[in-house]
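Reading through the structure tokens given below for one structure.
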Amino acid sequence: MRLSINLYIFLACEVLVSLASNCVRISISWYALKETNSIMIFSLLFTLSTFVEIYSTPILSPIADYFDKILIYRFCVFLNLIFIFALTVLSYHSNFHIYIFSIILISMSLVSSLRDTTGSSLIRILSNPEEITDAYSIRSSLKSTLSMVAPVFGAYLLATSGTSLVFIISFVLVLISLILSFKFLRIQLDDTNQIKGNFNKYIKNWFTDISNGIACVFLTKSERDMALTCVLLNAGLFPFFTATLVIWVNTNFNANPLFISYIESAFCFGILMGSLFLNKIMINTFGKFNTIIIGVILLGGCFIFSSLSNNIYLNILYFVMGGFGFIIFNINICVLRSLATPKNYLSRMIAGVAFLSSFLNPFSIQFMGWVTVNFNVQTSIFITGVLILSSSIFLFYNKTAQYLLGQPPENIVEIYKDIYPTAFKN
């Protein structure tokens with residue numbers, strides 16, 4: 001995959017700031033556990049940051065559609081730098097204040113929500129249409145690698161050097177990312193951001209822009225069906241990796257915590273292989289739409305087969321398959337959304353889909369917990385697989401996506417505004 005140096009600089013920024021943010025999040029939670037000796041506070045900090053990151057997405061997303069995306073991205077990185085600097089000073093002087101640390105962690109979650117949405121839409125203006133599939137593939141492979149590396153890297157630094165050094169190293173990583181962000185070159189002009197940018201006007205239209213972002217998802221049938229698919233996918237995936245996996249290992253695999261890392265690493269390995277080269281092979285063999293369908297089937301099958309097996313080696317294989325299915329689904333729907341959505345709505349569309357596909361997560365974890373308590377953990381995993389497989393129903397009725405995914409990338413640029421004019425009339 002050959003991309004412009006412009007995209008590689010952007011991806012390097014993403015890696016550095018994401019690695020730093022993950023390490024900081026782990027360190028804050030560990031620091032809180034160490035200072036308070038309270039598992040409840042430790043888990044509460046994680047829960048709060050996740051909750052804020054999910055539910056702030058549609059609220060903050062209009063910012064990236066209203067102002068210059070590159071400037072917003074740089075501002076997010078700069079804010080991360082300020083927050084990490086504050087944490088470094090506090091930890092160096094051994095001043096632990098739970099409220100201050102909580103406020104900083106929640107603020108970082110807000111910034112992360114805006115940065116991630118802005119970063120997804122930045123690919124569109126930093127690359128040519130023919131590069132976008134490869135750009136999303138590489139970004140996905142980097143994110144999956146980070147999901148494996150960041151916890152290990154952060155835990156190693158914590159174990160060997162302490163919290164203060166983790167904050168210092170994270171500060172340096174974010175500082176390098178900020179410097180690199182000034183090397184971005186705008187390949188495609190984001191016309192809307194050149195016209196808008198008046199802060200008073202933004203504040204005046206803020207609520208309208210949020211509601212328009214959610215409305216454009218509902219009025220764009222192709223994206224609405226994709227979002228409904230993702231609702232069921234996430235309703236199964238989020239409880240599993242948040243809670244069910246730990247219970248499963250504890251009850252079925254001799255409570256060996258290494259098995260948790262085996263399963264998670266297998267899933268991430270599948271993501272990595274899919275995003276690096278297998279997705280392209282699948283597209284060339286089956287086409288993009290069929291690849292999406294196959295991805296959902298592989299992901300759902302992974303959980304159904306795992307619920308019927310107590311063999312750890314077979315389950316590792318199943319989760320490699322599941323990770324592969326997850327990423328070939330995700331890359332191709334992201335490419336379609338990025339190309340077909342009008343530029344001045346892209347951040348809000350991405351955020352709207354992300355919010356709608358995740359808003360059930362806090363409730364699904366309660367439901368899966370109820371299933372596990374009243375039946376058993378295998379039943380919970382089986383239901384996860386059924387939920388994911390049933391989500392494919394929405395894909396089969398998505399004829400617009402089926403047609404668009406069969407077209408060359410340059411033929412579908414901003415095509416949603418022609419197919420669904422009422423969704424983008426504002």
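Each chain in the structure tokens gets a letter, A, B and so on, in the order shown; residues start at 1 in every chain, and ligands are counted from 1 in the order they appear.
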Could you list, as an NGL selection string, every residue within 7 Å of stretch 320-337 of chain A, counting only C-alpha atoms and ignoring same-chain residues fewer than 2 positions away? :A and (132-133 or 136-137 or 266-271 or 273-275 or 279 or 288 or 291-292 or 294-296 or 298-299 or 302 or 316-318 or 339-341 or 405)
Any idea what's packed within 9 Å of A:Arg124, counting only C-alpha atoms, ignoring anything in its chain fewer than 2 positions away? Could you give it as a ChimeraX atom specification? /A:120-122,126-129,132,187-188,338-339,343,346
Could those selected residues go to a file with N, CA and C atoms, as a PDB file, in the first residue's frame?
```pdb
ATOM      1  N   SER A 120     -10.906  10.874  11.773  1.00  0.00           N
ATOM      2  CA  SER A 120     -11.557  10.033  10.760  1.00  0.00           C
ATOM      3  C   SER A 120     -11.934  10.851   9.523  1.00  0.00           C
ATOM      4  N   SER A 121     -12.428  12.078   9.751  1.00  0.00           N
ATOM      5  CA  SER A 121     -12.833  12.905   8.614  1.00  0.00           C
ATOM      6  C   SER A 121     -11.635  13.588   7.952  1.00  0.00           C
ATOM      7  N   LEU A 122     -10.517  13.704   8.686  1.00  0.00           N
ATOM      8  CA  LEU A 122      -9.322  14.319   8.103  1.00  0.00           C
ATOM      9  C   LEU A 122      -8.751  13.500   6.947  1.00  0.00           C
ATOM     10  N   LEU A 126      -6.956  14.883   3.439  1.00  0.00           N
ATOM     11  CA  LEU A 126      -5.505  14.719   3.362  1.00  0.00           C
ATOM     12  C   LEU A 126      -5.094  13.699   2.304  1.00  0.00           C
ATOM     13  N   SER A 127      -6.056  13.160   1.569  1.00  0.00           N
ATOM     14  CA  SER A 127      -5.739  12.115   0.602  1.00  0.00           C
ATOM     15  C   SER A 127      -6.613  12.231  -0.635  1.00  0.00           C
ATOM     16  N   ASN A 128      -6.195  11.551  -1.672  1.00  0.00           N
ATOM     17  CA  ASN A 128      -6.993  11.452  -2.894  1.00  0.00           C
ATOM     18  C   ASN A 128      -7.975  10.291  -2.747  1.00  0.00           C
ATOM     19  N   PRO A 129      -9.097  10.299  -3.510  1.00  0.00           N
ATOM     20  CA  PRO A 129     -10.115   9.242  -3.366  1.00  0.00           C
ATOM     21  C   PRO A 129      -9.562   7.826  -3.477  1.00  0.00           C
ATOM     22  N   ILE A 132      -8.062   6.338  -0.151  1.00  0.00           N
ATOM     23  CA  ILE A 132      -8.824   6.316   1.100  1.00  0.00           C
ATOM     24  C   ILE A 132      -8.967   4.903   1.668  1.00  0.00           C
ATOM     25  N   ILE A 187      -4.721  18.299   0.710  1.00  0.00           N
ATOM     26  CA  ILE A 187      -4.794  17.885  -0.696  1.00  0.00           C
ATOM     27  C   ILE A 187      -6.120  18.290  -1.308  1.00  0.00           C
ATOM     28  N   GLN A 188      -7.208  18.054  -0.561  1.00  0.00           N
ATOM     29  CA  GLN A 188      -8.537  18.451  -1.039  1.00  0.00           C
ATOM     30  C   GLN A 188      -9.052  19.601  -0.190  1.00  0.00           C
ATOM     31  N   SER A 338     -16.995   7.755   4.230  1.00  0.00           N
ATOM     32  CA  SER A 338     -16.069   8.861   4.031  1.00  0.00           C
ATOM     33  C   SER A 338     -16.161   9.448   2.633  1.00  0.00           C
ATOM     34  N   LEU A 339     -16.351   8.589   1.634  1.00  0.00           N
ATOM     35  CA  LEU A 339     -16.413   9.059   0.256  1.00  0.00           C
ATOM     36  C   LEU A 339     -17.776   9.638  -0.102  1.00  0.00           C
ATOM     37  N   LYS A 343     -18.620  16.787   2.377  1.00  0.00           N
ATOM     38  CA  LYS A 343     -17.537  17.148   3.304  1.00  0.00           C
ATOM     39  C   LYS A 343     -18.019  17.931   4.508  1.00  0.00           C
ATOM     40  N   LEU A 346     -19.379  15.485   7.109  1.00  0.00           N
ATOM     41  CA  LEU A 346     -18.682  14.224   7.357  1.00  0.00           C
ATOM     42  C   LEU A 346     -18.436  13.959   8.837  1.00  0.00           C
TER      43      LEU A 346
END
```
As a tab-separated table (two decimals) with C-alpha atoms, in the first residue's frame, list the residues of stretch 233-329 of chain A assigned to alpha helix (DSSP H) by DSSP on the backbone atoms of this structure.
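Once written, states21.tsv looks like this:
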```
chain	number	residue	atom	x	y	z
A	233	LEU	CA	-22.65	-5.70	16.76
A	234	ASN	CA	-21.61	-3.39	19.59
A	235	ALA	CA	-24.39	-4.61	21.89
A	236	GLY	CA	-22.65	-7.99	21.73
A	237	LEU	CA	-18.98	-6.97	21.54
A	238	PHE	CA	-18.91	-4.33	24.28
A	239	PRO	CA	-20.22	-6.56	27.14
A	245	LEU	CA	-14.45	-12.45	28.87
A	246	VAL	CA	-13.13	-12.17	32.44
A	247	ILE	CA	-15.99	-14.29	33.81
A	248	TRP	CA	-15.55	-16.85	31.02
A	249	VAL	CA	-11.84	-17.28	31.71
A	250	ASN	CA	-12.46	-17.40	35.45
A	251	THR	CA	-15.08	-20.17	35.23
A	252	ASN	CA	-13.91	-22.20	32.24
A	258	LEU	CA	-3.02	-15.14	30.70
A	259	PHE	CA	-5.96	-16.62	28.78
A	260	ILE	CA	-7.59	-13.18	28.71
A	261	SER	CA	-4.55	-11.79	26.91
A	262	TYR	CA	-4.52	-14.82	24.56
A	263	ILE	CA	-8.11	-14.18	23.48
A	264	GLU	CA	-7.68	-10.41	23.13
A	265	SER	CA	-4.38	-10.80	21.27
A	266	ALA	CA	-5.95	-13.36	18.91
A	267	PHE	CA	-8.77	-10.93	18.10
A	268	CYS	CA	-6.28	-8.09	17.53
A	269	PHE	CA	-4.11	-10.35	15.38
A	270	GLY	CA	-7.11	-11.06	13.15
A	271	ILE	CA	-7.74	-7.31	12.90
A	272	LEU	CA	-4.10	-6.71	12.00
A	273	MET	CA	-3.98	-9.37	9.27
A	279	ASN	CA	-9.16	-7.16	3.18
A	280	LYS	CA	-7.78	-6.34	-0.28
A	281	ILE	CA	-7.72	-10.05	-1.20
A	282	MET	CA	-11.35	-10.42	-0.06
A	283	ILE	CA	-12.44	-7.34	-2.06
A	284	ASN	CA	-10.71	-8.61	-5.22
A	285	THR	CA	-12.30	-12.03	-4.76
A	286	PHE	CA	-15.83	-11.28	-3.53
A	288	LYS	CA	-16.82	-4.98	-1.15
A	289	PHE	CA	-20.46	-5.67	-0.27
A	290	ASN	CA	-20.03	-9.45	-0.05
A	291	THR	CA	-16.87	-8.88	1.99
A	292	ILE	CA	-18.95	-6.92	4.52
A	293	ILE	CA	-21.50	-9.75	4.74
A	294	ILE	CA	-18.74	-12.35	5.16
A	295	GLY	CA	-17.19	-10.19	7.89
A	296	VAL	CA	-20.40	-10.18	9.95
A	297	ILE	CA	-20.83	-13.95	9.49
A	298	LEU	CA	-17.24	-14.64	10.60
A	299	LEU	CA	-17.60	-12.36	13.62
A	300	GLY	CA	-20.90	-13.88	14.73
A	301	GLY	CA	-19.65	-17.41	14.06
A	302	CYS	CA	-16.60	-16.72	16.24
A	303	PHE	CA	-18.80	-16.25	19.33
A	304	ILE	CA	-21.22	-19.08	18.57
A	305	PHE	CA	-18.38	-21.59	18.06
A	306	SER	CA	-16.56	-20.30	21.18
A	307	SER	CA	-19.67	-20.74	23.32
A	312	ILE	CA	-8.47	-22.69	24.49
A	313	TYR	CA	-6.54	-23.38	21.27
A	314	LEU	CA	-9.71	-23.67	19.22
A	315	ASN	CA	-11.06	-20.52	20.85
A	316	ILE	CA	-7.88	-18.62	19.97
A	317	LEU	CA	-8.40	-19.67	16.35
A	318	TYR	CA	-12.05	-18.59	16.48
A	319	PHE	CA	-11.09	-15.15	17.78
A	320	VAL	CA	-8.49	-14.66	15.05
A	321	MET	CA	-11.35	-15.37	12.65
A	322	GLY	CA	-13.58	-12.96	14.59
A	323	GLY	CA	-11.04	-10.14	14.50
A	324	PHE	CA	-10.61	-10.65	10.77
A	325	GLY	CA	-14.39	-10.53	10.25
A	326	PHE	CA	-14.71	-7.40	12.37
A	327	ILE	CA	-12.11	-5.41	10.45
A	328	ILE	CA	-13.19	-6.31	6.92
A	329	PHE	CA	-16.68	-5.15	7.86
```
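Note that the spacing between atom CA of A:Ala20 and atom CA of A:Leu173 amounts to 6.3 Å.
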Would you pick out the contacts of A:Asn80 at 8 Å or less, using only C-alpha atoms, so that residues sharing its chain but fewer than 6 positions from it are not included, and give the list as a ChimeraX atom specification? /A:21,108,111,174
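Take the candidates A:Phe367, A:Ile393, A:Phe375, A:Ile98 and check each one against A:Glu35 using only C-alpha atoms; the shortest distance goes to A:Ile98.
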Extract, using only C-alpha atoms, all DNA, RNA and protein residues at most 9 Å from A:Leu360, discarding same-chain residues fewer than 2 positions from it, and format them as a ChimeraX atom specification. /A:231-232,234-235,356-358,362-365
Residues of the last selection are to be written out with C-alpha atoms, as an mmCIF file, in the first residue's frame.
```cif
data_model
loop_
_atom_site.group_PDB
_atom_site.id
_atom_site.type_symbol
_atom_site.label_atom_id
_atom_site.label_comp_id
_atom_site.auth_asym_id
_atom_site.auth_seq_id
_atom_site.Cartn_x
_atom_site.Cartn_y
_atom_site.Cartn_z
ATOM 1 C CA VAL A 231 -25.955 -1.311 17.186
ATOM 2 C CA LEU A 232 -26.373 -5.089 17.367
ATOM 3 C CA ASN A 234 -21.615 -3.387 19.595
ATOM 4 C CA ALA A 235 -24.394 -4.614 21.888
ATOM 5 C CA LEU A 356 -26.137 5.495 17.495
ATOM 6 C CA SER A 357 -24.091 2.315 17.228
ATOM 7 C CA SER A 358 -22.813 2.620 20.817
ATOM 8 C CA PRO A 362 -24.253 0.570 28.930
ATOM 9 C CA PHE A 363 -27.592 -1.275 28.816
ATOM 10 C CA SER A 364 -26.354 -4.314 26.915
ATOM 11 C CA ILE A 365 -23.710 -4.972 29.556
#
```
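Taking atom CA of A:Ser56 and atom CA of A:Phe355 as endpoints, the distance between them is 8.4 Å.
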Selection near A:Ile383, 10 Å with only C-alpha atoms, sequence-local residues under 2 positions removed, as number ranges by chain: A: 236, 300, 303-304, 307, 368, 371, 377-381, 385-389
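Atom CA of A:Arg224 is found 12.4 Å from atom CA of A:Tyr416.
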What's around A:Val24 at 9 Å? Count only C-alpha atoms, leave out sequence neighbours fewer than 3 positions away in its own chain, and write the answer as a count of residues only. 14
For A:Ile82: contacts at 12 Å, only C-alpha atoms, fewer than 4 positions along chain excluded, given as a PyMOL selection string: chain A and resi 75-78+86-89+104+107-108+111+167-168+170-172+174-175+178
Suppose we keep N, CA and C atoms; can you now write the selection as a PDB file, in the first residue's frame?
```
ATOM      1  N   PHE A  75      -5.531  21.507  17.868  1.00  0.00           N
ATOM      2  CA  PHE A  75      -5.987  22.025  19.149  1.00  0.00           C
ATOM      3  C   PHE A  75      -6.244  20.875  20.128  1.00  0.00           C
ATOM      4  N   CYS A  76      -6.819  19.776  19.635  1.00  0.00           N
ATOM      5  CA  CYS A  76      -7.055  18.605  20.487  1.00  0.00           C
ATOM      6  C   CYS A  76      -5.743  18.027  21.009  1.00  0.00           C
ATOM      7  N   VAL A  77      -4.748  17.929  20.123  1.00  0.00           N
ATOM      8  CA  VAL A  77      -3.435  17.414  20.534  1.00  0.00           C
ATOM      9  C   VAL A  77      -2.807  18.356  21.559  1.00  0.00           C
ATOM     10  N   PHE A  78      -2.949  19.661  21.328  1.00  0.00           N
ATOM     11  CA  PHE A  78      -2.406  20.655  22.260  1.00  0.00           C
ATOM     12  C   PHE A  78      -3.063  20.531  23.637  1.00  0.00           C
ATOM     13  N   ALA A  86      -0.116  18.814  33.349  1.00  0.00           N
ATOM     14  CA  ALA A  86      -0.707  19.002  34.679  1.00  0.00           C
ATOM     15  C   ALA A  86      -0.591  17.727  35.514  1.00  0.00           C
ATOM     16  N   LEU A  87      -0.863  16.573  34.875  1.00  0.00           N
ATOM     17  CA  LEU A  87      -0.749  15.296  35.588  1.00  0.00           C
ATOM     18  C   LEU A  87       0.691  15.034  36.024  1.00  0.00           C
ATOM     19  N   THR A  88       1.641  15.377  35.163  1.00  0.00           N
ATOM     20  CA  THR A  88       3.059  15.171  35.476  1.00  0.00           C
ATOM     21  C   THR A  88       3.462  15.976  36.700  1.00  0.00           C
ATOM     22  N   VAL A  89       3.052  17.242  36.734  1.00  0.00           N
ATOM     23  CA  VAL A  89       3.380  18.115  37.869  1.00  0.00           C
ATOM     24  C   VAL A  89       2.747  17.580  39.152  1.00  0.00           C
ATOM     25  N   ILE A 104      -9.542  15.821  35.006  1.00  0.00           N
ATOM     26  CA  ILE A 104      -8.573  15.745  33.907  1.00  0.00           C
ATOM     27  C   ILE A 104      -8.867  14.546  33.015  1.00  0.00           C
ATOM     28  N   SER A 107     -11.939  15.234  30.981  1.00  0.00           N
ATOM     29  CA  SER A 107     -11.598  16.226  29.951  1.00  0.00           C
ATOM     30  C   SER A 107     -10.828  15.586  28.811  1.00  0.00           C
ATOM     31  N   MET A 108      -9.913  14.672  29.142  1.00  0.00           N
ATOM     32  CA  MET A 108      -9.160  13.973  28.101  1.00  0.00           C
ATOM     33  C   MET A 108     -10.074  13.079  27.260  1.00  0.00           C
ATOM     34  N   VAL A 111     -11.814  15.369  24.805  1.00  0.00           N
ATOM     35  CA  VAL A 111     -10.880  15.728  23.731  1.00  0.00           C
ATOM     36  C   VAL A 111     -10.647  14.536  22.807  1.00  0.00           C
ATOM     37  N   PHE A 167       3.852   9.586  32.717  1.00  0.00           N
ATOM     38  CA  PHE A 167       3.321  10.890  32.316  1.00  0.00           C
ATOM     39  C   PHE A 167       4.354  11.693  31.515  1.00  0.00           C
ATOM     40  N   ILE A 168       5.617  11.635  31.927  1.00  0.00           N
ATOM     41  CA  ILE A 168       6.671  12.380  31.220  1.00  0.00           C
ATOM     42  C   ILE A 168       6.847  11.850  29.805  1.00  0.00           C
ATOM     43  N   SER A 170       4.669  10.157  28.055  1.00  0.00           N
ATOM     44  CA  SER A 170       3.447  10.488  27.311  1.00  0.00           C
ATOM     45  C   SER A 170       3.470  11.945  26.852  1.00  0.00           C
ATOM     46  N   PHE A 171       3.968  12.827  27.708  1.00  0.00           N
ATOM     47  CA  PHE A 171       4.091  14.248  27.347  1.00  0.00           C
ATOM     48  C   PHE A 171       4.996  14.423  26.132  1.00  0.00           C
ATOM     49  N   VAL A 172       6.108  13.733  26.123  1.00  0.00           N
ATOM     50  CA  VAL A 172       7.054  13.825  24.992  1.00  0.00           C
ATOM     51  C   VAL A 172       6.416  13.298  23.704  1.00  0.00           C
ATOM     52  N   VAL A 174       3.217  13.184  22.896  1.00  0.00           N
ATOM     53  CA  VAL A 174       2.192  14.120  22.416  1.00  0.00           C
ATOM     54  C   VAL A 174       2.843  15.383  21.852  1.00  0.00           C
ATOM     55  N   LEU A 175       3.941  15.828  22.447  1.00  0.00           N
ATOM     56  CA  LEU A 175       4.657  17.003  21.936  1.00  0.00           C
ATOM     57  C   LEU A 175       5.176  16.736  20.516  1.00  0.00           C
ATOM     58  N   LEU A 178       2.247  16.869  18.171  1.00  0.00           N
ATOM     59  CA  LEU A 178       1.832  18.247  17.891  1.00  0.00           C
ATOM     60  C   LEU A 178       2.744  18.889  16.843  1.00  0.00           C
TER      61      LEU A 178
END
```
